[in-house]
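This is model20.cif (mmCIF, C-alpha atoms).
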data_query
loop_
_atom_site.label_atom_id
_atom_site.label_comp_id
_atom_site.auth_asym_id
_atom_site.auth_seq_id
_atom_site.Cartn_x
_atom_site.Cartn_y
_atom_site.Cartn_z
CA MET A 1 3.76 -20.46 12.19
CA SER A 2 1.53 -23.03 10.49
CA GLU A 3 2.04 -24.05 6.85
CA GLN A 4 -0.75 -21.69 5.86
CA PRO A 5 0.33 -18.06 6.43
CA VAL A 6 -1.74 -16.00 8.82
CA ARG A 7 -3.54 -13.33 6.81
CA VAL A 8 -3.62 -9.88 8.43
CA LEU A 9 -5.61 -6.91 7.16
CA ARG A 10 -3.99 -3.78 8.61
CA VAL A 11 -5.91 -0.51 8.26
CA ILE A 12 -4.72 3.03 9.01
CA ALA A 13 -6.53 6.28 8.28
CA ARG A 14 -3.60 7.78 6.37
CA LEU A 15 0.16 7.56 5.99
CA ASN A 16 0.85 11.12 7.08
CA MET A 17 3.77 12.55 9.00
CA GLY A 18 3.98 10.94 12.42
CA GLY A 19 4.45 7.81 14.47
CA PRO A 20 1.48 5.71 13.30
CA ALA A 21 2.67 5.71 9.67
CA LEU A 22 6.17 4.63 10.69
CA HIS A 23 4.74 2.06 13.09
CA VAL A 24 2.54 0.25 10.56
CA ALA A 25 5.22 0.27 7.85
CA TYR A 26 7.94 -1.21 10.06
CA LEU A 27 5.52 -3.65 11.66
CA THR A 28 4.21 -4.92 8.32
CA ALA A 29 7.73 -5.48 6.99
CA GLY A 30 8.91 -7.16 10.19
CA LEU A 31 5.97 -9.57 10.40
CA ALA A 32 6.43 -10.55 6.75
CA GLU A 33 9.80 -12.02 7.70
CA ARG A 34 7.98 -14.22 10.24
CA GLY A 35 5.50 -15.64 7.75
CA TYR A 36 2.55 -13.28 8.14
CA GLU A 37 0.76 -12.22 4.98
CA THR A 38 -0.32 -8.61 5.51
CA THR A 39 -2.43 -6.33 3.36
CA LEU A 40 -1.91 -2.70 4.38
CA VAL A 41 -4.84 -0.39 3.68
CA ALA A 42 -4.49 3.38 3.97
CA GLY A 43 -6.83 6.27 3.29
CA SER A 44 -6.15 9.66 1.71
CA LEU A 45 -4.29 12.63 3.13
CA ALA A 46 -6.01 15.83 4.16
CA ARG A 47 -5.13 19.03 2.33
CA GLY A 48 -1.78 20.35 3.49
CA GLU A 49 -0.68 17.07 5.10
CA ASP A 50 2.72 15.61 4.30
CA SER A 51 3.02 11.98 3.26
CA MET A 52 5.23 9.34 4.86
CA ALA A 53 4.26 6.69 2.30
CA PHE A 54 7.88 6.75 1.15
CA VAL A 55 8.79 4.66 4.22
CA ALA A 56 6.45 1.87 3.08
CA ASP A 57 7.81 2.21 -0.46
CA GLU A 58 11.40 1.86 0.76
CA LEU A 59 10.43 -1.32 2.62
CA GLY A 60 8.77 -2.78 -0.46
CA ILE A 61 5.28 -2.69 1.04
CA GLU A 62 2.37 -2.35 -1.35
CA VAL A 63 -0.39 -0.14 0.01
CA GLU A 64 -4.03 -0.74 -0.88
CA ARG A 65 -5.56 2.71 -1.24
CA LEU A 66 -9.01 3.42 0.13
CA GLU A 67 -9.57 7.00 -1.00
CA GLU A 68 -12.90 7.38 0.85
CA LEU A 69 -11.14 6.76 4.17
CA HIS A 70 -10.32 10.30 5.23
CA ARG A 71 -9.42 12.24 8.38
CA GLU A 72 -12.48 14.48 8.19
CA ILE A 73 -15.93 13.30 9.25
CA SER A 74 -18.17 12.77 6.23
CA PRO A 75 -21.24 10.53 6.59
CA PHE A 76 -21.34 9.70 2.87
CA ARG A 77 -17.63 9.07 2.36
CA ASP A 78 -17.36 7.18 5.65
CA ALA A 79 -20.26 4.92 4.66
CA VAL A 80 -18.64 4.23 1.28
CA ALA A 81 -15.34 3.44 3.02
CA ILE A 82 -17.09 0.97 5.34
CA VAL A 83 -18.80 -0.80 2.43
CA ARG A 84 -15.61 -0.98 0.37
CA LEU A 85 -13.60 -2.29 3.30
CA ALA A 86 -16.28 -4.90 4.05
CA ARG A 87 -15.98 -6.11 0.44
CA LEU A 88 -12.21 -6.35 0.85
CA ILE A 89 -12.67 -8.37 4.04
CA ARG A 90 -15.00 -10.77 2.23
CA ARG A 91 -12.47 -11.14 -0.60
CA LEU A 92 -9.34 -11.57 1.51
CA ARG A 93 -10.87 -13.48 4.45
CA PRO A 94 -8.19 -12.29 6.90
CA HIS A 95 -7.59 -14.17 10.12
CA ILE A 96 -6.81 -10.88 11.86
CA LEU A 97 -8.13 -7.36 11.28
CA HIS A 98 -5.83 -4.83 12.96
CA THR A 99 -6.83 -1.16 12.84
CA HIS A 100 -4.68 1.84 13.77
CA THR A 101 -5.82 5.40 14.69
CA ALA A 102 -9.34 6.50 15.61
CA LYS A 103 -10.93 6.93 12.18
CA ALA A 104 -9.59 3.66 10.80
CA GLY A 105 -10.61 1.95 14.03
CA ALA A 106 -14.22 3.02 13.60
CA VAL A 107 -14.43 2.34 9.86
CA GLY A 108 -12.54 -0.95 10.09
CA ARG A 109 -14.50 -2.44 12.97
CA LEU A 110 -17.85 -1.41 11.47
CA ALA A 111 -16.75 -2.99 8.17
CA ALA A 112 -15.93 -6.21 10.02
CA LEU A 113 -19.48 -6.33 11.38
CA LEU A 114 -20.88 -5.62 7.91
CA ALA A 115 -18.81 -8.45 6.41
CA GLY A 116 -21.18 -11.02 7.95
CA ASP A 117 -19.83 -14.58 7.94
CA ALA A 118 -16.50 -13.26 6.58
CA ARG A 119 -15.92 -11.26 9.74
CA PRO A 120 -12.34 -11.90 10.92
CA PRO A 121 -12.21 -14.13 13.99
CA ILE A 122 -9.75 -11.72 15.61
CA VAL A 123 -10.14 -7.93 15.63
CA VAL A 124 -7.40 -5.76 17.16
CA HIS A 125 -7.33 -1.99 17.49
CA THR A 126 -4.30 0.12 18.43
CA PHE A 127 -4.82 3.50 20.10
CA HIS A 128 -1.89 5.71 19.04
CA GLY A 129 -3.43 8.33 21.33
CA HIS A 130 -7.08 9.32 21.11
CA VAL A 131 -9.38 12.16 20.07
CA LEU A 132 -11.52 12.10 23.21
CA ARG A 133 -9.95 15.20 24.73
CA GLY A 134 -8.77 18.47 23.17
CA TYR A 135 -9.86 17.89 19.57
CA PHE A 136 -13.62 18.46 19.25
CA ASP A 137 -16.48 20.31 20.92
CA PRO A 138 -18.06 18.69 24.01
CA LEU A 139 -21.08 17.25 22.17
CA ARG A 140 -19.06 15.48 19.49
CA THR A 141 -16.49 14.37 22.04
CA ALA A 142 -19.25 12.71 24.09
CA GLY A 143 -20.56 11.01 20.95
CA PHE A 144 -17.13 9.67 20.02
CA ARG A 145 -16.64 8.41 23.56
CA LEU A 146 -19.86 6.41 23.37
CA LEU A 147 -18.85 5.05 19.97
CA GLU A 148 -15.46 3.94 21.27
CA ARG A 149 -17.08 2.21 24.24
CA TRP A 150 -19.41 0.28 21.94
CA LEU A 151 -16.66 -0.59 19.45
CA ALA A 152 -14.50 -1.90 22.31
CA THR A 153 -17.15 -4.56 22.96
CA LYS A 154 -16.71 -5.74 19.34
CA THR A 155 -12.92 -5.92 19.57
CA THR A 156 -10.84 -8.95 20.57
CA ALA A 157 -7.85 -6.97 21.86
CA LEU A 158 -7.25 -3.28 22.56
CA VAL A 159 -3.68 -2.02 22.28
CA ALA A 160 -2.32 1.25 23.72
CA VAL A 161 1.06 2.66 22.74
CA SER A 162 1.90 3.67 26.32
CA PRO A 163 0.67 3.03 29.87
CA GLN A 164 -0.49 6.65 30.06
CA VAL A 165 -2.67 6.32 26.94
CA ARG A 166 -4.15 3.12 28.39
CA ASP A 167 -4.86 4.74 31.74
CA ASP A 168 -6.45 7.75 30.05
CA LEU A 169 -8.76 5.51 28.02
CA VAL A 170 -9.69 3.54 31.13
CA ALA A 171 -10.49 6.78 32.98
CA LEU A 172 -12.66 7.87 30.04
CA GLY A 173 -14.63 4.64 30.35
CA VAL A 174 -13.66 3.17 26.96
CA ALA A 175 -12.94 -0.26 28.47
CA PRO A 176 -11.65 -1.82 31.70
CA ARG A 177 -7.90 -1.90 32.29
CA GLU A 178 -7.66 -5.67 31.79
CA ARG A 179 -8.89 -5.33 28.20
CA PHE A 180 -5.77 -3.38 27.18
CA VAL A 181 -2.31 -4.51 26.15
CA VAL A 182 0.52 -1.95 26.04
CA VAL A 183 2.75 -2.21 22.97
CA ARG A 184 5.09 0.71 22.44
CA LEU A 185 6.06 2.09 19.03
CA GLY A 186 8.88 0.56 17.03
CA ILE A 187 11.06 2.81 14.86
CA GLU A 188 14.27 2.26 12.88
CA LEU A 189 16.02 4.94 14.89
CA GLU A 190 19.51 4.23 13.63
CA GLN A 191 18.32 4.74 10.07
CA ARG A 192 16.24 7.86 10.76
CA VAL A 193 18.60 9.59 13.19
CA ALA A 194 22.04 7.94 12.87
CA ALA A 195 23.49 9.82 15.83
CA GLU A 196 26.96 8.36 15.33
CA GLN A 197 27.18 10.34 12.07
CA ASP A 198 26.75 13.61 13.94
CA GLY A 199 27.24 16.19 11.17
CA ARG A 200 26.51 19.02 13.61
CA GLY A 201 29.00 21.46 12.13
CA GLU A 202 27.87 20.91 8.55
CA SER A 203 24.17 21.06 9.45
CA ARG A 204 24.63 24.34 11.29
CA ARG A 205 26.67 25.79 8.45
CA VAL A 206 23.90 24.98 5.95
CA LEU A 207 21.23 26.45 8.26
CA GLY A 208 23.31 29.51 9.07
CA ILE A 209 23.46 28.81 12.81
CA GLY A 210 26.64 29.90 14.59
CA PRO A 211 28.59 27.23 16.50
CA ASP A 212 27.87 28.75 19.92
CA ARG A 213 24.24 29.74 19.38
CA PHE A 214 21.61 27.77 21.31
CA ALA A 215 19.31 26.08 18.78
CA VAL A 216 15.80 25.02 19.84
CA GLY A 217 14.03 22.54 17.57
CA TRP A 218 10.38 21.70 17.01
CA ILE A 219 9.12 19.05 14.57
CA GLY A 220 5.47 18.30 13.89
CA ARG A 221 2.27 19.20 12.11
CA MET A 222 1.11 22.77 12.62
CA THR A 223 -2.32 22.22 14.17
CA GLY A 224 -4.03 23.44 17.33
CA VAL A 225 -3.31 20.38 19.45
CA LYS A 226 0.45 20.91 18.95
CA ARG A 227 0.28 24.37 20.58
CA THR A 228 2.68 26.12 18.21
CA GLU A 229 1.61 29.38 19.89
CA ASP A 230 3.31 28.13 23.07
CA VAL A 231 6.46 27.27 21.10
CA LEU A 232 6.73 30.88 19.93
CA ARG A 233 5.81 32.44 23.29
CA ALA A 234 8.32 30.28 25.17
CA PHE A 235 11.00 31.18 22.65
CA ARG A 236 10.16 34.89 22.99
CA ARG A 237 10.62 34.64 26.77
CA LEU A 238 13.86 32.73 26.31
CA ARG A 239 15.17 35.56 24.13
CA ASP A 240 13.93 38.12 26.68
CA ARG A 241 16.21 36.43 29.23
CA GLY A 242 19.18 37.38 27.06
CA VAL A 243 19.81 33.92 25.64
CA ASP A 244 21.38 34.01 22.16
CA ALA A 245 19.03 31.44 20.64
CA CYS A 246 17.35 30.51 17.38
CA LEU A 247 14.24 28.42 16.75
CA CYS A 248 13.95 25.82 13.99
CA MET A 249 10.38 24.78 13.14
CA ILE A 250 10.12 21.76 10.85
CA GLY A 251 6.76 20.78 9.42
CA ASP A 252 3.71 22.16 7.69
CA GLY A 253 -0.01 22.13 8.31
CA PRO A 254 -3.15 24.24 8.17
CA ASP A 255 -1.91 26.65 10.85
CA ARG A 256 1.41 27.52 9.22
CA PRO A 257 0.38 30.95 7.84
CA ALA A 258 -0.99 31.92 11.26
CA VAL A 259 2.16 30.65 12.99
CA GLU A 260 4.37 32.74 10.74
CA ARG A 261 2.20 35.82 11.35
CA ARG A 262 2.43 35.21 15.08
CA ALA A 263 6.21 34.98 14.88
CA HIS A 264 6.19 38.43 13.27
CA GLU A 265 3.87 39.80 15.97
CA LEU A 266 6.10 38.48 18.76
CA GLY A 267 9.22 39.88 17.11
CA VAL A 268 10.97 36.52 16.76
CA MET A 269 10.72 36.02 13.01
CA ARG A 270 14.36 37.01 12.40
CA ASP A 271 15.48 34.32 14.85
CA THR A 272 13.11 31.61 13.58
CA LEU A 273 13.67 29.24 10.66
CA PHE A 274 10.51 27.83 9.08
CA LEU A 275 11.92 24.82 7.26
CA GLY A 276 8.75 23.05 6.08
CA TYR A 277 8.31 19.31 5.83
CA GLN A 278 11.52 17.26 5.66
CA GLU A 279 11.83 13.56 4.84
CA GLU A 280 15.43 13.38 6.12
CA VAL A 281 15.39 14.56 9.73
CA ALA A 282 18.83 13.45 10.96
CA PRO A 283 20.70 16.63 9.90
CA PHE A 284 18.24 18.79 11.82
CA TYR A 285 18.48 16.84 15.06
CA ALA A 286 22.24 17.15 14.69
CA ALA A 287 21.91 20.94 14.52
CA PHE A 288 19.62 21.25 17.57
CA ASP A 289 20.71 21.69 21.17
CA ALA A 290 17.28 20.82 22.59
CA MET A 291 13.75 19.95 21.47
CA ILE A 292 10.52 21.60 22.61
CA LEU A 293 7.15 19.80 22.59
CA PRO A 294 4.29 21.80 24.21
CA SER A 295 1.34 19.72 22.89
CA ILE A 296 -1.90 19.42 24.84
CA ASN A 297 -2.47 15.84 23.67
CA GLU A 298 -0.01 13.18 22.48
CA GLY A 299 0.04 9.43 22.07
CA THR A 300 3.72 8.59 21.76
CA PRO A 301 5.60 11.53 20.24
CA VAL A 302 8.03 10.30 17.59
CA SER A 303 9.85 13.63 17.49
CA ALA A 304 10.71 13.28 21.19
CA ILE A 305 11.92 9.70 20.69
CA GLU A 306 14.05 10.70 17.72
CA ALA A 307 15.49 13.71 19.53
CA LEU A 308 16.56 11.56 22.46
CA ALA A 309 17.97 8.94 20.08
CA ALA A 310 20.06 11.75 18.58
CA GLY A 311 21.28 12.68 22.06
CA ARG A 312 19.20 15.85 22.37
CA PRO A 313 17.30 16.61 25.60
CA VAL A 314 13.57 17.32 25.33
CA VAL A 315 11.43 19.92 27.11
CA ALA A 316 7.81 18.77 26.86
CA THR A 317 4.39 18.95 28.43
CA ARG A 318 3.25 16.23 30.80
CA VAL A 319 0.40 14.90 28.61
CA GLY A 320 -0.65 11.56 27.16
CA GLY A 321 2.24 9.20 26.52
CA VAL A 322 4.95 11.88 26.80
CA PRO A 323 6.05 10.89 30.36
CA ASP A 324 6.64 7.36 29.03
CA VAL A 325 9.22 8.82 26.64
CA VAL A 326 10.76 11.74 28.53
CA ARG A 327 11.89 11.24 32.13
CA GLU A 328 11.88 14.35 34.29
CA GLY A 329 15.44 15.40 35.12
CA GLU A 330 16.97 12.29 33.52
CA ASP A 331 16.77 12.92 29.79
CA GLY A 332 14.68 16.09 29.68
CA PHE A 333 12.10 18.14 31.53
CA LEU A 334 8.31 17.91 31.84
CA VAL A 335 6.00 20.85 32.54
CA ASP A 336 2.25 21.36 32.76
CA ALA A 337 0.40 22.02 29.51
CA GLY A 338 0.14 25.74 28.83
CA ASP A 339 2.91 26.74 31.27
CA VAL A 340 4.97 28.89 28.90
CA ASP A 341 7.15 30.31 31.68
CA ALA A 342 8.19 26.82 32.75
CA LEU A 343 9.03 25.90 29.14
CA ALA A 344 11.24 28.98 28.85
CA ASP A 345 12.85 28.31 32.24
CA ARG A 346 13.85 24.73 31.33
CA LEU A 347 15.22 25.85 27.97
CA ALA A 348 17.24 28.56 29.71
CA ARG A 349 18.72 25.96 32.08
CA LEU A 350 19.81 23.85 29.12
CA ALA A 351 21.19 26.88 27.27
CA ALA A 352 23.36 27.80 30.27
CA ASP A 353 24.75 24.31 30.90
CA PRO A 354 26.29 22.36 27.99
CA ASP A 355 27.35 19.57 30.35
CA LEU A 356 23.73 19.12 31.46
CA ARG A 357 22.63 18.91 27.81
CA GLU A 358 25.27 16.30 27.13
CA ARG A 359 24.36 14.22 30.19
CA LEU A 360 20.60 14.27 29.56
CA GLY A 361 21.03 13.55 25.86
CA ALA A 362 23.33 10.57 26.46
CA ALA A 363 20.91 9.10 29.01
CA GLY A 364 18.01 9.50 26.60
CA ARG A 365 19.81 7.81 23.73
CA ALA A 366 20.88 4.84 25.88
CA ARG A 367 17.25 4.29 26.88
CA VAL A 368 15.13 4.92 23.80
CA VAL A 369 17.12 3.06 21.12
CA PRO A 370 16.42 -0.44 22.53
CA ARG A 371 13.07 0.54 24.05
CA TYR A 372 11.56 1.62 20.72
CA SER A 373 13.29 -0.84 18.41
CA VAL A 374 11.39 -2.45 15.53
CA GLU A 375 12.56 -5.92 16.61
CA ARG A 376 10.94 -5.41 20.02
CA LEU A 377 7.72 -4.19 18.37
CA VAL A 378 7.55 -7.21 16.04
CA ASP A 379 8.24 -9.56 18.98
CA ASP A 380 5.40 -7.99 20.99
CA ILE A 381 2.82 -8.12 18.19
CA ASP A 382 3.87 -11.59 17.09
CA LEU A 383 3.36 -12.82 20.65
CA LEU A 384 -0.02 -11.06 20.88
CA TYR A 385 -1.22 -12.53 17.57
CA ARG A 386 -0.09 -16.04 18.54
CA SER A 387 -1.89 -15.87 21.86
CA LEU A 388 -5.10 -14.61 20.23
CA LEU A 389 -4.95 -17.26 17.51
CA ALA A 390 -4.41 -19.97 20.10
CA ALA A 391 -7.34 -18.71 22.17
CA SER A 392 -9.63 -18.62 19.12
CA GLY A 393 -8.69 -22.14 18.12
#
Structure rendered as structure tokens:
Amino acid sequence: MSEQPVRVLRVIARLNMGGPALHVAYLTAGLAERGYETTLVAGSLARGEDSMAFVADELGIEVERLEELHREISPFRDAVAIVRLARLIRRLRPHILHTHTAKAGAVGRLAALLAGDARPPIVVHTFHGHVLRGYFDPLRTAGFRLLERWLATKTTALVAVSPQVRDDLVALGVAPRERFVVVRLGIELEQRVAAEQDGRGESRRVLGIGPDRFAVGWIGRMTGVKRTEDVLRAFRRLRDRGVDACLCMIGDGPDRPAVERRAHELGVMRDTLFLGYQEEVAPFYAAFDAMILPSINEGTPVSAIEALAAGRPVVATRVGGVPDVVREGEDGFLVDAGDVDALADRLARLAADPDLRERLGAAGRARVVPRYSVERLVDDIDLLYRSLLAASG
């Protein structure tokens, strides 16, 4: 690095439960050790969302709060967020503006244009997935697609967290393939999962799960895109096959009351543990035998990465960046979105074969721990930044 530190303004919509919050916290801390001077800006959480700001706090990262930056679409608040962020750009004069997630990407890149002669010479946006399929009605989806295409022309580098996310964005016409760089997530898996400190017996004792009972885990935010309905239906069919199983659902969200009602309707409430949001996830992965992930849209699912790092096979839908994490028949199983029978079938196979669970889990751990390491993430972004700085002179 040069004598003058490279100033980076990193913007994320919110530090809520999920991969993007972990990603920006670990990345900011790692780049600081290499001489980068990063200001991390984050917006406010939506009602019912759980915060992961504690990860940034533990790493000693100060977060600049931009309360007007919010998940929901609000013309007035969004305009205020753009103006405030443009003022921050003019004050900090960053060499690099790097935005993460769709809302921050739009607000941040529009703010860069509004900043005039203070516009950062390098603008980078990371797609941790996208909202161009499965989130909104067709009219708004078409509008967001046009906006993303236009914003891509104002961006120096586009980053996707998996080849599948990149290919999806290319197919949607956001930008040509050559405009994208793939940089996978980086997570301190040994700290968050710590598989060598198994604790399975103690975790199951605390949760009231018998030693021989098959435990299915799900971790996430209870929203429509996560298809919690399919979690419950697949579990119902697993029980109908005579499998002595329980379901552990970790997380909260706007759909939680409806999910609990649905569990009652399906007759699985007595076999389901609703455990709410948990900061410490390692004990729960230790208690699980397998993870289920039936989402209809995913960028790079952190819960699947963490489950594999804990040596637990994953049964998931073949969407977004999931096939980049879970390999069919090698460390888990992939099924088509909405195929509840296939989800139940794969879970039943795992329930009947402890040796298969052990083999798939060990293969997953051996692969994901180095693949999603923070050191690798920092290396990749450091190299990208250096190449962009060199190209810009």
Leaving out A:Pro176 and any residue of its chain fewer than 3 positions from it, which residues lie within 12 Å of it when counting only C-alpha atoms, given as number ranges by chain?
-> A: 149, 152-153, 157-158, 166-173, 179-181
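Distance check against A:Asp380 using all atoms listed in the file: of A:Arg177, A:Leu185, A:Ile96, A:Val8, the minimum falls on A:Leu185.
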If you count only C-alpha atoms, which residues fall within 7 Å of stretch 311-324 of chain A, apart from same-chain ones fewer than 5 positions away, as a VMD selection string?
-> chain A and resid 162 164 to 165 289 to 301 304 331 to 337 343 346 357 360 to 362 364 to 365
Restricting to only C-alpha atoms, whichever of A:Val123, A:Ala104, A:Ala363, A:Val55 is closest to A:Ile73 is A:Ala104
Residues within 12 Å of (-8.3, -18.4, 19.6), counting only C-alpha atoms, listed as a PDB file with C-alpha atoms, in the coordinates of the input:
ATOM      1  CA  HIS A  95      -7.590 -14.170  10.120  1.00  0.00           C
ATOM      2  CA  ILE A  96      -6.810 -10.880  11.860  1.00  0.00           C
ATOM      3  CA  PRO A 120     -12.340 -11.900  10.920  1.00  0.00           C
ATOM      4  CA  PRO A 121     -12.210 -14.130  13.990  1.00  0.00           C
ATOM      5  CA  ILE A 122      -9.750 -11.720  15.610  1.00  0.00           C
ATOM      6  CA  VAL A 123     -10.140  -7.930  15.630  1.00  0.00           C
ATOM      7  CA  THR A 156     -10.840  -8.950  20.570  1.00  0.00           C
ATOM      8  CA  ALA A 157      -7.850  -6.970  21.860  1.00  0.00           C
ATOM      9  CA  LEU A 384      -0.020 -11.060  20.880  1.00  0.00           C
ATOM     10  CA  TYR A 385      -1.220 -12.530  17.570  1.00  0.00           C
ATOM     11  CA  ARG A 386      -0.090 -16.040  18.540  1.00  0.00           C
ATOM     12  CA  SER A 387      -1.890 -15.870  21.860  1.00  0.00           C
ATOM     13  CA  LEU A 388      -5.100 -14.610  20.230  1.00  0.00           C
ATOM     14  CA  LEU A 389      -4.950 -17.260  17.510  1.00  0.00           C
ATOM     15  CA  ALA A 390      -4.410 -19.970  20.100  1.00  0.00           C
ATOM     16  CA  ALA A 391      -7.340 -18.710  22.170  1.00  0.00           C
ATOM     17  CA  SER A 392      -9.630 -18.620  19.120  1.00  0.00           C
ATOM     18  CA  GLY A 393      -8.690 -22.140  18.120  1.00  0.00           C
TER      19      GLY A 393
END
Which residues match the PyMOL selection byres ((chain A and resi 236) around 12) in the file above, as a ChimeraX atom specification?
-> /A:216,229-235,237-247,262-272,340-341,343-345,347-348
Go through the shown structure with the PyMOL selection byres ((chain A and resi 21-32) around 9) and write out the matching residues as a PyMOL selection string.
-> chain A and resi 10-12+14-20+33-40+51-53+55-57+59-61+100+185-188+374-375+377-379+381-382
Would you kindly identify which residues have an atom no farther than 10 Å from (-14.0, -12.8, 2.1), using all atoms listed in the file and the file's own coordinates, and write them out as a compact mmCIF listing (two decimals) with C-alpha atoms, in the frame of the given file?
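File selection36.txt, as written:
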# COMPACT_ATOMS: atom_id res chain seq x y z
CA ALA A 86 -16.28 -4.90 4.05
CA ARG A 87 -15.98 -6.11 0.44
CA LEU A 88 -12.21 -6.35 0.85
CA ILE A 89 -12.67 -8.37 4.04
CA ARG A 90 -15.00 -10.77 2.23
CA ARG A 91 -12.47 -11.14 -0.60
CA LEU A 92 -9.34 -11.57 1.51
CA ARG A 93 -10.87 -13.48 4.45
CA PRO A 94 -8.19 -12.29 6.90
CA ALA A 115 -18.81 -8.45 6.41
CA GLY A 116 -21.18 -11.02 7.95
CA ASP A 117 -19.83 -14.58 7.94
CA ALA A 118 -16.50 -13.26 6.58
CA ARG A 119 -15.92 -11.26 9.74
CA PRO A 120 -12.34 -11.90 10.92
